[in-house]
Protein chains: 2
Amino acid sequence: MSAFVHGVGTSYFGKQREVPLTQLAWTAMREAFADADAGASQPAGVSVDAVYVGSVFGGPGVAQRALHGLGIAGPPVVTIENACASGTSAFHEAVVAVTSGRYERVLVLGLEQMSTLFRGPILPEETDPEGRTGLAMPGLYAMAASRWLAQGRTTREQMAAVSVKNHAHALHNERAQYRGRYTTQEVLASPLIADPLTLLECSPISDGAAAAVVGRDRGGARDVRVRASVQQAGGLWDHRSDDVWGYRVVQDTARAAYQAAGVEPQDLDLAEVHDAFTIGELTTTEALGLADQGQAGAHAVSGRSALGGAQPVNPSGGLLSRGHPLGATGVAQVAEVVWQLRGEAGGRQVDGARLGLVETMGGGVSGVDGNACVIVVLERTARRVDA
Amino acid sequence: MSAFVHGVGTSYFGKQREVPLTQLAWTAMREAFADADAGASQPAGVSVDAVYVGSVFGGPGVAQRALHGLGIAGPPVVTIENACASGTSAFHEAVVAVTSGRYERVLVLGLEQMSTLFRGPILPEETDPEGRTGLAMPGLYAMAASRWLAQGRTTREQMAAVSVKNHAHALHNERAQYRGRYTTQEVLASPLIADPLTLLECSPISDGAAAAVVGRDRGGARDVRVRASVQQAGGLWDHRSDDVWGYRVVQDTARAAYQAAGVEPQDLDLAEVHDAFTIGELTTTEALGLADQGQAGAHAVSGRSALGGAQPVNPSGGLLSRGHPLGATGVAQVAEVVWQLRGEAGGRQVDGARLGLVETMGGGVSGVDGNACVIVVLERTARRVDA
């Protein structure tokens, strides 16, 4: 039994500490439920069998308060923390719950208010290697970038082109946090964060929420089929490997996802991937097989991975420009692909999109072997009127 | 297909801020895996298909670091936050994963270091009713106690008897945080926390970890069958009800669990329940049907709910005396019942225990309608040599 996305919704993403997190969640949930009812022969309102929440810093009860405010009482609530992949992990559990027959219709809610609740990446914990080495995320990604640059696998200009491209995509996304037209030179000249990464190559601190209603096949023309959803864990890098920063965990998860979905990378019309930093989009798209080794950077420069190109990556603007409220990110990625597959993405529409991919990673040094990767393959249903 | 508990383990519970949380987790996991192998024809070591973690304040990556330290790399990790019921929620998801055929053998890990990571119950969030009303947990339970006292449903001496009883139980539990012999008068005379609750009627701030290996039936004589595991959500109290503090959510969840298990409350040989405060054990045991209305307090005084009584409640010492490290609590409750059903509980053994229950609640005002309740019914397997 396949699971289907019946409806999606998101709040605006950005620094909005004056907006209660529950209100961000209401915005996303209301839109997702209205969206699900819009595609239904029989509206189901806010009735769901369970709620899967992705949240890292929300704290106990925040999802329950948000649900209560929308009149959702009774269904079990499972709140999942999986670092940057929290939202996608919640989506994955929801999909398994539906495909296994455990539940008929569930809500996925991702939410995060980093501007008020995030207290920095270094925890006061003796065994936390990030705490002892100072290897917070910008430093980790800078290591990957340094390696790739030393190998000649990318250039600074190619990395910057990812930022230029994704910010340009976000010009068409009114819910994105950063919508500015930048040149490669401007990206390279922005303040240095972790050598070689500059400010415009790093995803921001963000507040936001996203929601999705996932259920069984109800014959809806606008519903989007989950062709595959796979979660695996592995190292963010492997210094024993010939390809230290090859994102082996993404390669492995992708292989499993493509096999489960019965598709090849070249079949995909678009992808929303984990571009927490510019180098991240390059490592990820090569690991996903969307670019041959050493070619991802060239795709950003040539426009192959841009809107209008053969295989657009992060048409929403990605984490770099839409923003990266951890728990919300994965669900927002799903929402973007759903809009694209329905042809509802407005100025950033990928023409004729039929098959899309979502990829998120979560972890860091913390997850030496336990860095999570979730990959979802979504497909426009055949019944779509213009299909 | 039933799920079975193959092995359990816990750390010492108490304030131990000098012990890294990962080390607490290693202690619990090592014991659980060794315990599982001790009952196996073919030892499986640390090999599991997935890991379900219960943690509230651990922060991203803490479970992954702990798993890495034990050489567990690869399986997906799902970290679940559900307030006080986080550990039991993780156990519930693990059971569903096995009974649904999703996984063959999984690890449940509950962990919490409150002495270093807990920053107080009131979050700086506009829509948090606890923040706006000051109704943190002691105040909430004090409201329940005041109501029950006004109704004549219990007395101060009966409430104090719960503390006396559970502390006495903990004298036989060398992993318990507080092991002291107290009189009713000493409990009543201890410092007032939230009128009428005194210090010795409140569970403490604790650090600890607990683990369980859950899998399919492997014919192990020491394995414990999960007869039922049910999670529901509902209000902590309902002011519109005739029975405001009747714990309707516990009543409803218990009814579903008893039906799923095919047992009646009187069939249970023991129960580990959520005695975060003395009044909590009374409200819970009545809601579970272990005592008639207004009789739970009398059971604590008469010894019916004490070790040696007809139906011991919290033989481990409960949250009041073993301690209450949120994410670890539910898994420790499961561990206690498993030890009891195997006849391995030493000085606190409930003779001939065959059927035991675990109950945990999670939430507060936060969970006006979203307070979680998880109830697990565990059964000694028929193959046990002395059965």
# chains A, B, ... in the order shown; residues from 1 in each chain; ligands from 1
$ residues_around --residues "Ala170 in chain B" --least-positions-apart "3" --cutoff "7 Å" --atoms "only C-alpha atoms" --output "compact mmCIF listing (two decimals) with all heavy atoms, in the first residue's frame"
# COMPACT_ATOMS: atom_id res chain seq x y z
N ASN B 166 6.71 3.71 49.13
CA ASN B 166 7.63 3.64 47.99
C ASN B 166 9.09 3.83 48.43
O ASN B 166 9.99 3.20 47.87
CB ASN B 166 7.21 4.64 46.90
CG ASN B 166 5.91 4.20 46.23
OD1 ASN B 166 5.37 3.13 46.55
ND2 ASN B 166 5.38 5.02 45.34
N HIS B 167 9.31 4.67 49.43
CA HIS B 167 10.67 4.78 49.96
C HIS B 167 11.10 3.46 50.60
O HIS B 167 12.27 3.05 50.49
CB HIS B 167 10.78 5.94 50.96
CG HIS B 167 10.95 7.28 50.32
ND1 HIS B 167 9.89 8.13 50.05
CD2 HIS B 167 12.06 7.93 49.84
CE1 HIS B 167 10.34 9.23 49.46
NE2 HIS B 167 11.65 9.13 49.32
N ASN B 173 16.26 -1.61 46.54
CA ASN B 173 16.67 -1.30 45.17
C ASN B 173 17.94 -0.45 45.21
O ASN B 173 17.91 0.76 45.41
CB ASN B 173 15.55 -0.54 44.44
CG ASN B 173 15.87 -0.29 42.97
OD1 ASN B 173 17.00 -0.53 42.52
ND2 ASN B 173 14.90 0.20 42.23
N ALA B 176 18.29 2.87 43.32
CA ALA B 176 17.35 3.96 43.55
C ALA B 176 18.06 5.19 44.11
O ALA B 176 19.06 5.08 44.81
CB ALA B 176 16.25 3.51 44.51
N ARG B 179 16.86 6.24 49.28
CA ARG B 179 16.56 5.01 50.02
C ARG B 179 16.59 5.36 51.50
O ARG B 179 17.63 5.32 52.14
CB ARG B 179 17.60 3.95 49.67
CG ARG B 179 17.73 3.76 48.17
CD ARG B 179 18.90 2.85 47.82
NE ARG B 179 18.70 1.53 48.33
CZ ARG B 179 19.69 0.68 48.61
NH1 ARG B 179 20.94 1.06 48.44
NH2 ARG B 179 19.42 -0.51 49.07
N SER B 316 9.66 -1.00 42.76
CA SER B 316 11.01 -0.44 42.52
C SER B 316 11.31 0.73 43.43
O SER B 316 12.47 1.12 43.58
CB SER B 316 11.11 0.05 41.09
OG SER B 316 10.29 1.20 40.92
N GLY B 317 10.26 1.33 44.01
CA GLY B 317 10.40 2.59 44.71
C GLY B 317 9.71 3.72 43.96
O GLY B 317 9.50 4.80 44.50
N SER B 321 11.09 7.52 44.63
CA SER B 321 12.29 7.08 45.34
C SER B 321 13.39 6.60 44.40
O SER B 321 14.56 6.85 44.63
CB SER B 321 11.93 5.94 46.31
OG SER B 321 10.77 6.27 47.04
N ARG B 322 13.00 5.88 43.31
CA ARG B 322 14.02 5.49 42.34
C ARG B 322 14.55 6.72 41.63
O ARG B 322 15.70 6.77 41.23
CB ARG B 322 13.44 4.50 41.31
CG ARG B 322 14.49 4.00 40.32
CD ARG B 322 13.85 3.15 39.22
NE ARG B 322 12.76 3.87 38.62
CZ ARG B 322 11.61 3.34 38.26
NH1 ARG B 322 11.38 2.06 38.41
NH2 ARG B 322 10.65 4.08 37.74
$ residues_around --residues "Arg255 in chain B" --least-positions-apart "5" --cutoff "10 Å" --atoms "only C-alpha atoms" --output "PyMOL selection string"
chain B and resi 230+249-250+260-261+263-265+287-289+375
$ write_last_selection --atoms "all heavy atoms" --output "short mmCIF file (atom, residue, chain, number, x, y, z; two decimals), in the first residue's frame"
data_model
loop_
_atom_site.label_atom_id
_atom_site.label_comp_id
_atom_site.auth_asym_id
_atom_site.auth_seq_id
_atom_site.Cartn_x
_atom_site.Cartn_y
_atom_site.Cartn_z
N VAL B 230 -0.35 0.29 24.59
CA VAL B 230 -1.32 1.25 24.05
C VAL B 230 -0.91 2.66 24.41
O VAL B 230 -0.49 2.92 25.54
CB VAL B 230 -2.74 0.96 24.61
CG1 VAL B 230 -3.72 2.06 24.18
CG2 VAL B 230 -3.24 -0.41 24.14
N VAL B 249 -7.91 10.13 30.85
CA VAL B 249 -7.01 9.60 29.82
C VAL B 249 -6.40 8.27 30.25
O VAL B 249 -6.20 7.36 29.43
CB VAL B 249 -5.92 10.62 29.44
CG1 VAL B 249 -5.00 10.95 30.61
CG2 VAL B 249 -5.08 10.12 28.26
N VAL B 250 -6.15 8.12 31.56
CA VAL B 250 -5.61 6.85 32.06
C VAL B 250 -6.70 5.78 32.03
O VAL B 250 -6.46 4.63 31.64
CB VAL B 250 -5.03 7.02 33.48
CG1 VAL B 250 -4.51 5.68 34.02
CG2 VAL B 250 -3.91 8.06 33.49
N ALA B 260 -6.96 -5.20 24.80
CA ALA B 260 -5.94 -5.73 23.88
C ALA B 260 -5.21 -6.92 24.51
O ALA B 260 -4.84 -7.87 23.82
CB ALA B 260 -4.96 -4.64 23.50
N ALA B 261 -4.99 -6.85 25.81
CA ALA B 261 -4.24 -7.91 26.50
C ALA B 261 -5.15 -9.07 26.91
O ALA B 261 -4.67 -10.17 27.21
CB ALA B 261 -3.54 -7.34 27.73
N VAL B 263 -7.03 -9.08 29.67
CA VAL B 263 -6.89 -9.24 31.12
C VAL B 263 -7.80 -8.24 31.84
O VAL B 263 -8.29 -7.28 31.23
CB VAL B 263 -5.43 -9.03 31.59
CG1 VAL B 263 -4.48 -9.97 30.86
CG2 VAL B 263 -4.99 -7.58 31.40
N GLU B 264 -7.98 -8.46 33.12
CA GLU B 264 -8.71 -7.53 33.98
C GLU B 264 -7.72 -6.97 35.00
O GLU B 264 -6.71 -7.61 35.30
CB GLU B 264 -9.84 -8.28 34.72
CG GLU B 264 -10.88 -8.93 33.81
CD GLU B 264 -11.76 -7.89 33.13
OE1 GLU B 264 -11.86 -6.76 33.66
OE2 GLU B 264 -12.31 -8.20 32.05
N PRO B 265 -8.05 -5.79 35.56
CA PRO B 265 -7.12 -5.20 36.53
C PRO B 265 -6.76 -6.16 37.66
O PRO B 265 -5.61 -6.18 38.13
CB PRO B 265 -7.90 -3.99 37.08
CG PRO B 265 -8.96 -3.70 36.08
CD PRO B 265 -9.22 -4.94 35.30
N ALA B 287 -7.70 5.15 38.55
CA ALA B 287 -8.03 5.21 37.12
C ALA B 287 -7.73 3.88 36.43
O ALA B 287 -8.41 3.49 35.48
CB ALA B 287 -7.27 6.34 36.45
N LEU B 288 -6.72 3.18 36.92
CA LEU B 288 -6.34 1.88 36.34
C LEU B 288 -7.28 0.76 36.80
O LEU B 288 -7.17 -0.37 36.31
CB LEU B 288 -4.91 1.52 36.73
CG LEU B 288 -3.77 2.29 36.06
CD1 LEU B 288 -2.44 1.98 36.74
CD2 LEU B 288 -3.70 1.94 34.57
N GLY B 289 -8.14 1.04 37.77
CA GLY B 289 -9.02 0.01 38.29
C GLY B 289 -8.33 -0.90 39.30
O GLY B 289 -8.84 -1.97 39.64
N ILE B 375 0.38 2.67 28.32
CA ILE B 375 0.21 1.54 29.23
C ILE B 375 0.68 0.27 28.54
O ILE B 375 0.33 0.00 27.39
CB ILE B 375 -1.26 1.40 29.69
CG1 ILE B 375 -1.64 2.61 30.56
CG2 ILE B 375 -1.48 0.09 30.45
CD1 ILE B 375 -3.05 2.61 31.08
#
$ residues_around --residues "range 109-112 of chain B" --least-positions-apart "5" --cutoff "6 Å" --atoms "only C-alpha atoms" --output "ChimeraX atom specification"
/B:53-55,87,207-211,325,327-328,331
$ write_last_selection --atoms "C-alpha atoms" --output "PDB file, in the first residue's frame"
ATOM      1  CA  VAL B  53      15.294   6.701  22.120  1.00  0.00           C
ATOM      2  CA  GLY B  54      13.328   8.527  24.787  1.00  0.00           C
ATOM      3  CA  SER B  55      14.878  11.851  25.795  1.00  0.00           C
ATOM      4  CA  GLY B  87      10.753   6.466  27.481  1.00  0.00           C
ATOM      5  CA  ASP B 207      20.074  11.560  36.081  1.00  0.00           C
ATOM      6  CA  GLY B 208      19.908   8.062  34.639  1.00  0.00           C
ATOM      7  CA  ALA B 209      19.480   5.751  31.684  1.00  0.00           C
ATOM      8  CA  ALA B 210      17.592   2.544  30.974  1.00  0.00           C
ATOM      9  CA  ALA B 211      17.552   0.193  27.998  1.00  0.00           C
ATOM     10  CA  PRO B 325      15.033  11.161  34.835  1.00  0.00           C
ATOM     11  CA  GLY B 327      13.400  10.001  29.232  1.00  0.00           C
ATOM     12  CA  ALA B 328      14.700   7.041  31.256  1.00  0.00           C
ATOM     13  CA  VAL B 331      12.138   2.170  30.204  1.00  0.00           C
TER      14      VAL B 331
END
$ residues_around --residues "range 350-364 of chain A" --least-positions-apart "2" --cutoff "8 Å" --atoms "only C-alpha atoms" --output "PyMOL selection string"
(chain A and resi 82-86+88+136-137+140+236+267-274+307-308+312+315+330+333-334+337+340-343+345+348+366-368+370-380) or (chain B and resi 60-61)
$ residues_around --residues "Gln158 in chain B" --least-positions-apart "6" --cutoff "8 Å" --atoms "only C-alpha atoms" --output "MDAnalysis selection string"
chainID B and resid 297:298 300:301
$ residues_around --residues "Ala189 in chain B" --least-positions-apart "4" --cutoff "12 Å" --atoms "only C-alpha atoms" --output "number ranges by chain"
B: 156-157, 160, 182-185, 193, 196-201
$ select_by_dssp --residues "range 189-350 of chain A" --states "helix (DSSP H, G or I)" --output "JSON, numbers by chain"
{"A": [189, 199, 200, 201, 248, 249, 250, 251, 252, 253, 254, 255, 256, 257, 258, 259, 260, 261, 265, 266, 267, 278, 279, 280, 281, 282, 283, 284, 285, 286, 287, 296, 297, 298, 299, 300, 301, 302, 318, 319, 320, 321, 322, 326, 327, 328, 329, 330, 331, 332, 333, 334, 335, 336, 337, 338, 339, 340, 341, 342, 346, 347, 348]}
$ closest_residue --among "B:Arg218, B:Arg175, B:Arg240, B:Arg65" --to "Ser11 in chain B" --atoms "only C-alpha atoms"
B:Arg175
$ select_by_dssp --residues "range 309-384 of chain B" --states "strand (DSSP E)" --output "PyMOL selection string"
chain B and resi 355-362+371-380
$ residues_around --residues "range 42-50 of chain B" --least-positions-apart "4" --cutoff "9 Å" --atoms "only C-alpha atoms" --output "ChimeraX atom specification"
/B:29-30,33-34,36-38,70-72,74-78,94,103-108,213
$ write_last_selection --atoms "N, CA, C and O atoms" --output "short mmCIF file (atom, residue, chain, number, x, y, z; two decimals), in the first residue's frame"
data_model
loop_
_atom_site.label_atom_id
_atom_site.label_comp_id
_atom_site.auth_asym_id
_atom_site.auth_seq_id
_atom_site.Cartn_x
_atom_site.Cartn_y
_atom_site.Cartn_z
N MET B 29 22.78 0.14 28.38
CA MET B 29 22.75 -0.64 27.14
C MET B 29 23.58 -1.92 27.28
O MET B 29 23.16 -2.99 26.83
N ARG B 30 24.76 -1.81 27.89
CA ARG B 30 25.61 -3.00 28.07
C ARG B 30 24.86 -4.07 28.83
O ARG B 30 24.88 -5.25 28.48
N PHE B 33 22.05 -5.61 26.63
CA PHE B 33 22.52 -6.53 25.59
C PHE B 33 23.06 -7.82 26.21
O PHE B 33 22.82 -8.92 25.68
N ALA B 34 23.78 -7.69 27.32
CA ALA B 34 24.28 -8.89 28.00
C ALA B 34 23.12 -9.74 28.51
O ALA B 34 23.13 -10.97 28.41
N ALA B 36 20.13 -9.82 27.21
CA ALA B 36 19.48 -10.45 26.05
C ALA B 36 20.28 -11.67 25.59
O ALA B 36 19.71 -12.71 25.24
N ASP B 37 21.60 -11.54 25.59
CA ASP B 37 22.44 -12.67 25.16
C ASP B 37 22.39 -13.82 26.16
O ASP B 37 22.49 -14.99 25.77
N ALA B 38 22.24 -13.47 27.44
CA ALA B 38 22.18 -14.52 28.46
C ALA B 38 20.99 -15.43 28.26
O ALA B 38 21.02 -16.60 28.61
N LEU B 70 29.39 2.46 21.86
CA LEU B 70 29.18 1.03 22.08
C LEU B 70 29.35 0.24 20.78
O LEU B 70 29.11 -0.97 20.74
N GLY B 71 29.75 0.94 19.73
CA GLY B 71 29.97 0.26 18.46
C GLY B 71 28.71 -0.01 17.68
O GLY B 71 28.68 -0.86 16.79
N ILE B 72 27.65 0.71 18.00
CA ILE B 72 26.40 0.54 17.26
C ILE B 72 26.35 1.60 16.17
O ILE B 72 26.15 2.77 16.44
N GLY B 74 24.95 2.42 12.11
CA GLY B 74 24.17 1.98 10.95
C GLY B 74 22.68 2.01 11.15
O GLY B 74 21.98 2.56 10.31
N PRO B 75 22.14 1.42 12.23
CA PRO B 75 20.68 1.37 12.31
C PRO B 75 20.08 2.77 12.48
O PRO B 75 20.69 3.64 13.10
N PRO B 76 18.89 2.98 11.90
CA PRO B 76 18.24 4.27 12.08
C PRO B 76 17.92 4.52 13.56
O PRO B 76 17.59 3.59 14.30
N VAL B 77 18.04 5.76 13.97
CA VAL B 77 17.79 6.16 15.34
C VAL B 77 16.59 7.11 15.35
O VAL B 77 16.60 8.11 14.64
N VAL B 78 15.57 6.77 16.11
CA VAL B 78 14.39 7.63 16.23
C VAL B 78 14.32 8.12 17.67
O VAL B 78 14.09 7.32 18.59
N ALA B 94 8.75 0.95 19.58
CA ALA B 94 9.57 -0.24 19.34
C ALA B 94 8.69 -1.49 19.25
O ALA B 94 8.89 -2.35 18.38
N TYR B 103 10.57 -4.41 11.90
CA TYR B 103 11.92 -4.78 12.36
C TYR B 103 11.84 -6.07 13.17
O TYR B 103 10.82 -6.39 13.77
N GLU B 104 12.99 -6.78 13.22
CA GLU B 104 13.05 -8.03 13.98
C GLU B 104 13.48 -7.81 15.43
O GLU B 104 12.99 -8.46 16.35
N ARG B 105 14.45 -6.93 15.59
CA ARG B 105 15.02 -6.73 16.92
C ARG B 105 15.48 -5.29 17.04
O ARG B 105 16.23 -4.80 16.18
N VAL B 106 15.02 -4.60 18.04
CA VAL B 106 15.35 -3.18 18.19
C VAL B 106 15.79 -2.90 19.62
O VAL B 106 15.53 -3.68 20.55
N LEU B 107 16.47 -1.77 19.76
CA LEU B 107 16.90 -1.32 21.08
C LEU B 107 16.04 -0.13 21.50
O LEU B 107 15.76 0.75 20.69
N VAL B 108 15.62 -0.14 22.75
CA VAL B 108 14.98 1.04 23.33
C VAL B 108 15.95 1.62 24.35
O VAL B 108 16.49 0.89 25.19
N VAL B 213 16.02 -4.48 25.08
CA VAL B 213 16.09 -5.09 23.76
C VAL B 213 14.75 -5.76 23.50
O VAL B 213 14.30 -6.60 24.30
#
$ closest_residue --among "A:Tyr178, A:Phe118, A:Trp245, A:Trp148" --to "chain B" --atoms "only C-alpha atoms"
A:Phe118
